[in-house]
$ cat work.pdb   # PDB, C-alpha atoms and all ligand atoms
ATOM      1  CA  MET A   1     -47.070  -6.258 -39.349
ATOM      2  CA  LEU A   2     -50.607  -7.648 -39.581
ATOM      3  CA  LEU A   3     -50.082 -10.687 -37.385
ATOM      4  CA  ALA A   4     -47.211 -11.158 -34.979
ATOM      5  CA  ILE A   5     -47.052 -14.160 -32.686
ATOM      6  CA  GLU A   6     -44.038 -14.440 -30.410
ATOM      7  CA  ASP A   7     -43.049 -17.357 -28.248
ATOM      8  CA  LEU A   8     -46.611 -18.499 -27.736
ATOM      9  CA  HIS A   9     -47.063 -21.284 -25.205
ATOM     10  CA  LEU A  10     -50.507 -22.687 -24.558
ATOM     11  CA  SER A  11     -51.557 -25.492 -22.260
ATOM     12  CA  VAL A  12     -54.833 -26.980 -21.084
ATOM     13  CA  PRO A  13     -55.601 -28.901 -17.892
ATOM     14  CA  SER A  14     -55.450 -32.658 -18.300
ATOM     15  CA  PRO A  15     -55.830 -35.679 -15.988
ATOM     16  CA  GLU A  16     -52.030 -35.708 -15.675
ATOM     17  CA  GLY A  17     -51.995 -32.023 -14.687
ATOM     18  CA  SER A  18     -51.441 -30.008 -17.829
ATOM     19  CA  ARG A  19     -51.073 -30.667 -21.528
ATOM     20  CA  GLN A  20     -48.848 -28.453 -23.703
ATOM     21  CA  ILE A  21     -50.560 -27.677 -27.014
ATOM     22  CA  LEU A  22     -48.273 -24.886 -28.249
ATOM     23  CA  ARG A  23     -44.581 -24.733 -27.374
ATOM     24  CA  GLY A  24     -43.055 -21.374 -28.145
ATOM     25  CA  VAL A  25     -44.665 -20.653 -31.538
ATOM     26  CA  SER A  26     -43.444 -17.527 -33.319
ATOM     27  CA  LEU A  27     -44.707 -16.419 -36.704
ATOM     28  CA  ASP A  28     -45.702 -13.301 -38.585
ATOM     29  CA  VAL A  29     -47.749 -12.201 -41.575
ATOM     30  CA  SER A  30     -47.284  -8.871 -43.361
ATOM     31  CA  GLU A  31     -49.621  -6.924 -45.601
ATOM     32  CA  GLY A  32     -50.176  -8.542 -48.966
ATOM     33  CA  GLU A  33     -48.433 -11.752 -47.930
ATOM     34  CA  THR A  34     -49.692 -15.325 -48.060
ATOM     35  CA  VAL A  35     -48.038 -17.337 -45.333
ATOM     36  CA  GLY A  36     -48.460 -21.093 -45.120
ATOM     37  CA  LEU A  37     -48.807 -22.979 -41.848
ATOM     38  CA  VAL A  38     -48.279 -26.674 -42.516
ATOM     39  CA  GLY A  39     -48.217 -29.737 -40.307
ATOM     40  CA  GLU A  40     -49.870 -33.034 -39.651
ATOM     41  CA  SER A  41     -53.183 -33.333 -37.856
ATOM     42  CA  GLY A  42     -52.898 -32.287 -34.202
ATOM     43  CA  SER A  43     -49.665 -30.309 -34.662
ATOM     44  CA  GLY A  44     -51.316 -27.101 -33.413
ATOM     45  CA  LYS A  45     -52.047 -25.161 -36.620
ATOM     46  CA  SER A  46     -55.690 -24.321 -35.840
ATOM     47  CA  THR A  47     -54.934 -23.478 -32.214
ATOM     48  CA  THR A  48     -52.252 -21.025 -33.393
ATOM     49  CA  ALA A  49     -54.614 -19.341 -35.860
ATOM     50  CA  ARG A  50     -57.454 -19.200 -33.353
ATOM     51  CA  ALA A  51     -55.132 -17.554 -30.830
ATOM     52  CA  ALA A  52     -54.982 -14.582 -33.229
ATOM     53  CA  LEU A  53     -58.674 -14.049 -32.396
ATOM     54  CA  ARG A  54     -58.229 -15.107 -28.764
ATOM     55  CA  LEU A  55     -60.458 -18.096 -29.397
ATOM     56  CA  LEU A  56     -58.745 -20.307 -26.863
ATOM     57  CA  PRO A  57     -59.594 -23.771 -25.582
ATOM     58  CA  GLU A  58     -61.516 -23.697 -22.307
ATOM     59  CA  ARG A  59     -59.326 -23.088 -19.220
ATOM     60  CA  ALA A  60     -56.262 -22.630 -21.402
ATOM     61  CA  SER A  61     -53.227 -20.885 -19.964
ATOM     62  CA  LEU A  62     -51.207 -18.831 -22.328
ATOM     63  CA  SER A  63     -47.909 -17.007 -22.367
ATOM     64  CA  GLY A  64     -46.217 -15.067 -25.132
ATOM     65  CA  ALA A  65     -47.379 -12.248 -27.363
ATOM     66  CA  VAL A  66     -50.079 -12.121 -30.040
ATOM     67  CA  SER A  67     -50.841  -8.942 -31.919
ATOM     68  CA  VAL A  68     -53.067  -8.160 -34.889
ATOM     69  CA  CYS A  69     -52.428  -4.838 -36.657
ATOM     70  CA  GLY A  70     -50.526  -3.730 -33.568
ATOM     71  CA  HIS A  71     -53.372  -4.573 -31.166
ATOM     72  CA  ASP A  72     -52.369  -6.776 -28.281
ATOM     73  CA  VAL A  73     -54.765  -9.728 -28.533
ATOM     74  CA  ALA A  74     -53.149 -11.814 -25.802
ATOM     75  CA  ALA A  75     -53.298  -9.177 -23.064
ATOM     76  CA  GLY A  76     -55.781  -6.607 -24.421
ATOM     77  CA  ASP A  77     -59.217  -6.050 -22.934
ATOM     78  CA  GLN A  78     -62.520  -7.215 -24.460
ATOM     79  CA  ALA A  79     -62.794  -4.047 -26.577
ATOM     80  CA  VAL A  80     -59.520  -4.927 -28.325
ATOM     81  CA  VAL A  81     -60.630  -8.502 -28.919
ATOM     82  CA  ARG A  82     -63.968  -7.292 -30.289
ATOM     83  CA  LYS A  83     -62.251  -4.893 -32.669
ATOM     84  CA  VAL A  84     -59.902  -7.597 -33.927
ATOM     85  CA  ARG A  85     -62.681 -10.159 -34.418
ATOM     86  CA  SER A  86     -65.196  -7.810 -35.957
ATOM     87  CA  GLU A  87     -63.021  -5.519 -38.093
ATOM     88  CA  LEU A  88     -59.384  -6.485 -38.466
ATOM     89  CA  ALA A  89     -59.362 -10.249 -38.952
ATOM     90  CA  ALA A  90     -61.665 -12.943 -40.272
ATOM     91  CA  MET A  91     -61.427 -16.708 -40.349
ATOM     92  CA  ILE A  92     -62.724 -19.218 -42.870
ATOM     93  CA  PHE A  93     -62.837 -22.961 -42.343
ATOM     94  CA  GLN A  94     -62.769 -26.250 -44.200
ATOM     95  CA  GLU A  95     -66.461 -26.981 -44.034
ATOM     96  CA  PRO A  96     -68.780 -24.069 -44.881
ATOM     97  CA  ARG A  97     -71.799 -26.229 -44.018
ATOM     98  CA  ALA A  98     -70.580 -26.323 -40.420
ATOM     99  CA  VAL A  99     -70.499 -22.511 -40.288
ATOM    100  CA  LEU A 100     -73.794 -21.736 -42.013
ATOM    101  CA  ASN A 101     -76.967 -22.490 -40.100
ATOM    102  CA  PRO A 102     -78.861 -25.049 -42.254
ATOM    103  CA  VAL A 103     -82.295 -23.589 -41.446
ATOM    104  CA  ARG A 104     -81.385 -19.953 -42.119
ATOM    105  CA  ARG A 105     -81.393 -18.421 -45.558
ATOM    106  CA  ILE A 106     -78.005 -17.541 -47.041
ATOM    107  CA  GLY A 107     -78.885 -13.825 -46.996
ATOM    108  CA  SER A 108     -79.546 -13.886 -43.271
ATOM    109  CA  SER A 109     -76.319 -15.773 -42.429
ATOM    110  CA  ALA A 110     -74.131 -13.774 -44.797
ATOM    111  CA  THR A 111     -75.312 -10.393 -43.498
ATOM    112  CA  GLU A 112     -75.082 -11.386 -39.835
ATOM    113  CA  ARG A 113     -71.707  -9.759 -39.136
ATOM    114  CA  LEU A 114     -72.748  -6.498 -40.771
ATOM    115  CA  VAL A 115     -76.164  -6.318 -39.119
ATOM    116  CA  HIS A 116     -75.501  -7.633 -35.639
ATOM    117  CA  VAL A 117     -71.891  -6.605 -35.074
ATOM    118  CA  HIS A 118     -71.686  -3.390 -37.091
ATOM    119  CA  GLY A 119     -75.291  -2.201 -36.803
ATOM    120  CA  VAL A 120     -75.730  -1.840 -40.573
ATOM    121  CA  ALA A 121     -79.406  -1.690 -41.669
ATOM    122  CA  LYS A 122     -80.640  -4.988 -43.135
ATOM    123  CA  ASP A 123     -81.329  -3.620 -46.637
ATOM    124  CA  GLU A 124     -77.937  -1.962 -46.834
ATOM    125  CA  ALA A 125     -76.250  -5.149 -45.561
ATOM    126  CA  ARG A 126     -78.014  -7.215 -48.264
ATOM    127  CA  ARG A 127     -76.940  -4.687 -50.894
ATOM    128  CA  ARG A 128     -73.308  -4.915 -49.741
ATOM    129  CA  ILE A 129     -73.363  -8.716 -49.593
ATOM    130  CA  ALA A 130     -74.936  -8.916 -53.055
ATOM    131  CA  ALA A 131     -72.069  -6.770 -54.391
ATOM    132  CA  LEU A 132     -69.555  -9.036 -52.659
ATOM    133  CA  PHE A 133     -71.251 -12.118 -54.134
ATOM    134  CA  GLY A 134     -70.483 -10.596 -57.532
ATOM    135  CA  GLU A 135     -66.849 -10.090 -56.498
ATOM    136  CA  VAL A 136     -66.471 -13.734 -55.470
ATOM    137  CA  GLY A 137     -67.997 -14.979 -58.719
ATOM    138  CA  LEU A 138     -71.539 -15.739 -57.558
ATOM    139  CA  ASP A 139     -74.356 -14.523 -59.786
ATOM    140  CA  ASP A 140     -78.151 -14.596 -59.558
ATOM    141  CA  THR A 141     -77.698 -12.943 -56.186
ATOM    142  CA  ASP A 142     -81.408 -12.426 -55.380
ATOM    143  CA  ARG A 143     -82.049 -16.153 -55.639
ATOM    144  CA  LEU A 144     -78.876 -16.911 -53.666
ATOM    145  CA  LEU A 145     -79.820 -14.612 -50.818
ATOM    146  CA  ARG A 146     -83.124 -16.482 -50.456
ATOM    147  CA  ALA A 147     -81.584 -19.976 -50.776
ATOM    148  CA  TYR A 148     -80.772 -22.418 -47.958
ATOM    149  CA  PRO A 149     -77.297 -23.960 -47.621
ATOM    150  CA  HIS A 150     -78.423 -27.424 -48.814
ATOM    151  CA  GLN A 151     -79.387 -25.908 -52.156
ATOM    152  CA  LEU A 152     -75.804 -24.864 -52.962
ATOM    153  CA  SER A 153     -72.652 -26.803 -53.819
ATOM    154  CA  GLY A 154     -69.644 -26.856 -51.475
ATOM    155  CA  GLY A 155     -67.728 -24.493 -53.763
ATOM    156  CA  MET A 156     -70.600 -21.982 -53.867
ATOM    157  CA  LEU A 157     -70.978 -22.160 -50.098
ATOM    158  CA  GLN A 158     -67.273 -21.509 -49.605
ATOM    159  CA  ARG A 159     -67.640 -18.427 -51.838
ATOM    160  CA  VAL A 160     -70.595 -17.283 -49.706
ATOM    161  CA  VAL A 161     -68.495 -17.703 -46.564
ATOM    162  CA  ILE A 162     -65.595 -15.800 -48.140
ATOM    163  CA  ALA A 163     -67.947 -12.959 -49.132
ATOM    164  CA  ALA A 164     -69.342 -12.828 -45.577
ATOM    165  CA  ALA A 165     -65.816 -12.823 -44.127
ATOM    166  CA  LEU A 166     -64.819  -9.934 -46.414
ATOM    167  CA  SER A 167     -67.922  -7.904 -45.639
ATOM    168  CA  THR A 168     -66.245  -6.059 -42.776
ATOM    169  CA  GLY A 169     -63.024  -5.378 -44.710
ATOM    170  CA  PRO A 170     -60.559  -7.462 -42.656
ATOM    171  CA  ARG A 171     -56.824  -6.810 -43.066
ATOM    172  CA  LEU A 172     -55.952 -10.387 -42.094
ATOM    173  CA  LEU A 173     -57.618 -13.563 -43.334
ATOM    174  CA  LEU A 174     -57.074 -16.806 -41.448
ATOM    175  CA  ALA A 175     -57.877 -19.637 -43.864
ATOM    176  CA  ASP A 176     -58.013 -22.949 -41.988
ATOM    177  CA  GLU A 177     -57.956 -25.786 -44.547
ATOM    178  CA  ALA A 178     -60.357 -23.564 -46.508
ATOM    179  CA  THR A 179     -60.034 -25.527 -49.744
ATOM    180  CA  SER A 180     -59.317 -29.019 -48.385
ATOM    181  CA  ALA A 181     -62.872 -30.322 -48.679
ATOM    182  CA  LEU A 182     -63.332 -29.163 -52.281
ATOM    183  CA  ASP A 183     -62.789 -31.203 -55.417
ATOM    184  CA  VAL A 184     -59.600 -30.385 -57.309
ATOM    185  CA  THR A 185     -61.186 -28.072 -59.901
ATOM    186  CA  THR A 186     -63.210 -26.136 -57.338
ATOM    187  CA  GLN A 187     -60.172 -25.966 -55.080
ATOM    188  CA  ALA A 188     -58.166 -24.348 -57.874
ATOM    189  CA  GLU A 189     -60.974 -21.837 -58.513
ATOM    190  CA  VAL A 190     -61.293 -20.884 -54.846
ATOM    191  CA  LEU A 191     -57.496 -20.577 -54.488
ATOM    192  CA  ALA A 192     -57.399 -18.267 -57.519
ATOM    193  CA  LEU A 193     -60.265 -16.260 -56.056
ATOM    194  CA  LEU A 194     -58.517 -15.887 -52.689
ATOM    195  CA  ARG A 195     -55.331 -14.818 -54.458
ATOM    196  CA  ARG A 196     -57.176 -12.144 -56.468
ATOM    197  CA  LEU A 197     -59.088 -10.808 -53.470
ATOM    198  CA  GLN A 198     -55.952 -10.752 -51.386
ATOM    199  CA  ARG A 199     -54.060  -8.740 -54.015
ATOM    200  CA  GLU A 200     -56.901  -6.301 -54.618
ATOM    201  CA  ARG A 201     -57.356  -5.710 -50.904
ATOM    202  CA  GLU A 202     -53.698  -6.113 -49.880
ATOM    203  CA  MET A 203     -54.787  -8.508 -47.159
ATOM    204  CA  GLY A 204     -52.414 -10.780 -45.306
ATOM    205  CA  VAL A 205     -53.419 -14.434 -45.415
ATOM    206  CA  LEU A 206     -52.420 -17.163 -42.989
ATOM    207  CA  PHE A 207     -53.046 -20.268 -45.077
ATOM    208  CA  ILE A 208     -53.348 -23.417 -43.001
ATOM    209  CA  THR A 209     -53.012 -26.743 -44.738
ATOM    210  CA  HIS A 210     -51.670 -30.238 -44.119
ATOM    211  CA  ASP A 211     -50.461 -30.226 -47.741
ATOM    212  CA  LEU A 212     -46.823 -29.087 -47.995
ATOM    213  CA  GLN A 213     -46.869 -29.202 -51.773
ATOM    214  CA  LEU A 214     -49.897 -26.911 -51.953
ATOM    215  CA  ALA A 215     -48.362 -24.503 -49.425
ATOM    216  CA  ALA A 216     -45.085 -24.405 -51.356
ATOM    217  CA  ALA A 217     -46.933 -23.654 -54.585
ATOM    218  CA  TYR A 218     -49.396 -21.126 -53.193
ATOM    219  CA  CYS A 219     -47.641 -19.239 -50.394
ATOM    220  CA  ASP A 220     -44.801 -16.729 -50.160
ATOM    221  CA  ARG A 221     -43.351 -18.235 -46.981
ATOM    222  CA  VAL A 222     -44.100 -21.437 -45.147
ATOM    223  CA  TYR A 223     -43.913 -22.408 -41.466
ATOM    224  CA  VAL A 224     -43.964 -26.098 -40.620
ATOM    225  CA  MET A 225     -45.329 -27.206 -37.235
ATOM    226  CA  LYS A 226     -44.853 -30.448 -35.360
ATOM    227  CA  ASP A 227     -46.035 -31.309 -31.851
ATOM    228  CA  GLY A 228     -47.002 -27.715 -31.072
ATOM    229  CA  ALA A 229     -43.742 -26.111 -32.230
ATOM    230  CA  VAL A 230     -42.534 -24.454 -35.425
ATOM    231  CA  VAL A 231     -39.778 -26.702 -36.757
ATOM    232  CA  GLU A 232     -39.119 -24.948 -40.071
ATOM    233  CA  HIS A 233     -39.590 -21.516 -41.646
ATOM    234  CA  GLN A 234     -38.571 -20.904 -45.233
ATOM    235  CA  LYS A 235     -39.459 -19.054 -48.398
ATOM    236  CA  ALA A 236     -41.883 -21.280 -50.282
ATOM    237  CA  GLY A 237     -39.505 -21.612 -53.237
ATOM    238  CA  THR A 238     -36.762 -23.234 -51.196
ATOM    239  CA  ILE A 239     -38.676 -25.504 -48.850
ATOM    240  CA  PHE A 240     -38.440 -28.533 -51.106
ATOM    241  CA  VAL A 241     -34.888 -27.731 -52.185
ATOM    242  CA  SER A 242     -33.295 -27.346 -48.786
ATOM    243  CA  PRO A 243     -35.543 -28.376 -45.923
ATOM    244  CA  SER A 244     -33.492 -27.775 -42.793
ATOM    245  CA  ASP A 245     -35.584 -29.911 -40.475
ATOM    246  CA  PRO A 246     -35.804 -33.714 -40.750
ATOM    247  CA  TYR A 247     -39.590 -33.565 -40.303
ATOM    248  CA  THR A 248     -39.999 -31.183 -43.274
ATOM    249  CA  LYS A 249     -37.749 -33.441 -45.307
ATOM    250  CA  ALA A 250     -39.931 -36.407 -44.368
ATOM    251  CA  LEU A 251     -43.053 -34.430 -45.340
ATOM    252  CA  ALA A 252     -41.467 -33.455 -48.651
ATOM    253  CA  ASP A 253     -40.441 -37.066 -49.315
ATOM    254  CA  ALA A 254     -43.937 -38.249 -48.419
ATOM    255  CA  VAL A 255     -45.555 -36.423 -51.351
ATOM    256  CA  PRO A 256     -47.428 -39.310 -52.956
ATOM    257  CA  ARG A 257     -46.043 -40.505 -56.253
ATOM    258  CA  LEU A 258     -48.474 -42.402 -58.424
ATOM    259  CA  PRO A 259     -47.046 -45.452 -60.188
ATOM    260  CA  GLN A 260     -46.378 -44.916 -63.869
ATOM    261  CA  ARG A 261     -48.638 -46.819 -66.234
ATOM    262  CA  ASP A 262     -45.774 -49.261 -67.031
ATOM    263  CA  ASP A 263     -45.101 -49.891 -63.298
ATOM    264  CA  THR A 264     -48.757 -50.762 -62.808
ATOM    265  CA  MET A 265     -48.690 -53.153 -65.733
ATOM    266  CA  GLU A 266     -45.499 -54.777 -64.444
ATOM    267  CA  ALA A 267     -46.994 -55.160 -60.970
ATOM    268  CA  SER A 268     -50.110 -56.842 -62.319
ATOM    269  CA  ALA A 269     -48.249 -59.049 -64.836
TER     270      ALA A 269
HETATM  271  N1  LIG A 301     -60.109 -27.415 -26.435
HETATM  272  C1  LIG A 301     -59.136 -28.312 -26.395
HETATM  273  N2  LIG A 301     -58.913 -29.056 -25.298
HETATM  274  C2  LIG A 301     -57.939 -29.984 -25.261
HETATM  275  N3  LIG A 301     -57.095 -30.235 -26.275
HETATM  276  C3  LIG A 301     -57.262 -29.515 -27.397
HETATM  277  C4  LIG A 301     -58.265 -28.509 -27.521
HETATM  278  N4  LIG A 301     -58.176 -27.963 -28.761
HETATM  279  C5  LIG A 301     -57.169 -28.609 -29.380
HETATM  280  N5  LIG A 301     -56.618 -29.520 -28.569
HETATM  281  C6  LIG A 301     -55.492 -30.408 -28.892
HETATM  282  O1  LIG A 301     -54.415 -29.615 -29.325
HETATM  283  C7  LIG A 301     -53.700 -30.261 -30.344
HETATM  284  C8  LIG A 301     -53.577 -29.333 -31.524
HETATM  285  O2  LIG A 301     -54.862 -29.209 -32.135
HETATM  286  P1  LIG A 301     -55.091 -28.333 -33.438
HETATM  287  O3  LIG A 301     -56.537 -28.453 -33.822
HETATM  288  O4  LIG A 301     -54.543 -26.969 -33.227
HETATM  289  O5  LIG A 301     -54.177 -29.086 -34.500
HETATM  290  P2  LIG A 301     -54.168 -28.958 -36.081
HETATM  291  O6  LIG A 301     -52.739 -28.993 -36.489
HETATM  292  O7  LIG A 301     -54.954 -27.781 -36.518
HETATM  293  O8  LIG A 301     -54.894 -30.306 -36.497
HETATM  294  P3  LIG A 301     -56.015 -30.564 -37.619
HETATM  295  O9  LIG A 301     -55.307 -30.435 -38.931
HETATM  296  O10 LIG A 301     -56.467 -31.957 -37.339
HETATM  297  O11 LIG A 301     -57.074 -29.536 -37.395
HETATM  298  C9  LIG A 301     -54.445 -31.548 -30.662
HETATM  299  O12 LIG A 301     -53.795 -32.618 -30.042
HETATM  300  C10 LIG A 301     -55.814 -31.317 -30.067
HETATM  301  O13 LIG A 301     -56.362 -32.540 -29.635
END
$ encode --input "work.pdb" --output "structure tokens"
Amino acid sequence: MLLAIEDLHLSVPSPEGSRQILRGVSLDVSEGETVGLVGESGSGKSTTARAALRLLPERASLSGAVSVCGHDVAAGDQAVVRKVRSELAAMIFQEPRAVLNPVRRIGSSATERLVHVHGVAKDEARRRIAALFGEVGLDDTDRLLRAYPHQLSGGMLQRVVIAAALSTGPRLLLADEATSALDVTTQAEVLALLRRLQREREMGVLFITHDLQLAAAYCDRVYVMKDGAVVEHQKAGTIFVSPSDPYTKALADAVPRLPQRDDTMEASA
């Protein structure tokens, strides 16, 4: 099992005493699997994924078990956490511009993990990143390495971030709304890219999205979260057919339906 989370409770101090953010979350991701984590804003999806890297809110208290490739992230020492963050797992986010320093060249940001965490020589790191740029469909790599983030489109930047995340060969990829900010065509391209990379590398992917329809179409299994708890877990193919939880049913029913051309004409007549 690449990621195993069991009965994870997480709370943070609040003016009232304590605020529960996660309430007994259990989920797992195996090799080669894409697992969706769906829920409305604030349901606890990002906190769950970040717990896999022990990136916890300040002064959080936690109970339950979190392991990545068999390493105990919840209770392990700093060496375990370092290994998980630097080698075994990587996370990509919705907004690549928020991750990449705007005044650093792409080459410097993209090689950072290799150079500063793994001690790879700068030239070798640039060579490896350039090869990865090719793998993620970016060409003209010399120019790209010298460019600044504002010179690239959102889709190109997300590819840069994916290449940087893959540079240390993670087994588990945590994708937090990684395609949500992209236009529909670019989103489809990046999804196809992630799918190909995942298959070639047999990675496990935890795919976080607020979009149940996308998760059902893209993932093998889907967990649905509400108010810090998992309320549904199904194979993607059946989640629309037989949602067992009323919240999932409501989410499925809430998929927007555009009016047909005739409806629109009737409404405006
Ligand atoms: N550091 C923190 N301190 C206090 N509360 C926090 C902290 N981090 C997250 N929360 C709260 O925990 C809840 C879950 O947040 P989380 O970001 O995990 O939800 P989410 O489902 O990923 O939402 P979104 O889709 O908006 O990112 C939210 O109510 C959020 O306000």
$ residues_near_point --input "work.pdb" --point "(-43.4, -20.5, -48.0)" --cutoff "6 Å" --atoms "all atoms listed in the file" --output "number ranges by chain"
A: 36, 216, 219-222, 234-236
$ resolve_selection --input "work.pdb" --expression "the PyMOL selection byres (((not hetatm)) within 7 of (chain A and resi 301))" --output "list in words"
Val12, Ile21, Gly39, Glu40, Ser41, Gly42, Ser43, Gly44, Lys45, Ser46, Thr47, Thr48, Pro57, Glu58, His210 and Gly228 of chain A
$ atom_distance --input "work.pdb" --atom1 "CA of Arg104 in chain A" --atom2 "CA of Leu53 in chain A"
25.4 Å
$ closest_residue --input "work.pdb" --among "A:Ala181, A:Leu3, A:Ala60, A:Ala254" --to "Pro96 in chain A" --atoms "all atoms listed in the file"
A:Ala181
$ resolve_selection --input "work.pdb" --expression "the PyMOL selection byres (((chain A and resi 65-81) around 7) and not hetatm)" --output "PyMOL selection string"
chain A and resi 1-8+52-54+63-64+82-85
$ resolve_selection --input "work.pdb" --expression "the PyMOL selection byres (((chain A and resi 89) around 6) and not hetatm)" --output "list of chain:residue names"
A:Val84, A:Arg85, A:Leu88, A:Ala90, A:Pro170, A:Arg171, A:Leu172, A:Leu173
$ atom_distance --input "work.pdb" --atom1 "CA of Ile106 in chain A" --atom2 "CA of Ala147 in chain A"
5.7 Å
$ closest_residue --input "work.pdb" --among "A:Val160, A:Val117, A:Ile208, A:Ala98" --to "Ala178 in chain A" --atoms "only C-alpha atoms"
A:Ile208
$ atom_distance --input "work.pdb" --atom1 "CA of Glu31 in chain A" --atom2 "CA of Gly204 in chain A"
4.8 Å
$ closest_residue --input "work.pdb" --among "A:Leu194, A:Ala215, A:Val184, A:Ala175" --to "Gly137 in chain A" --atoms "only C-alpha atoms"
A:Leu194
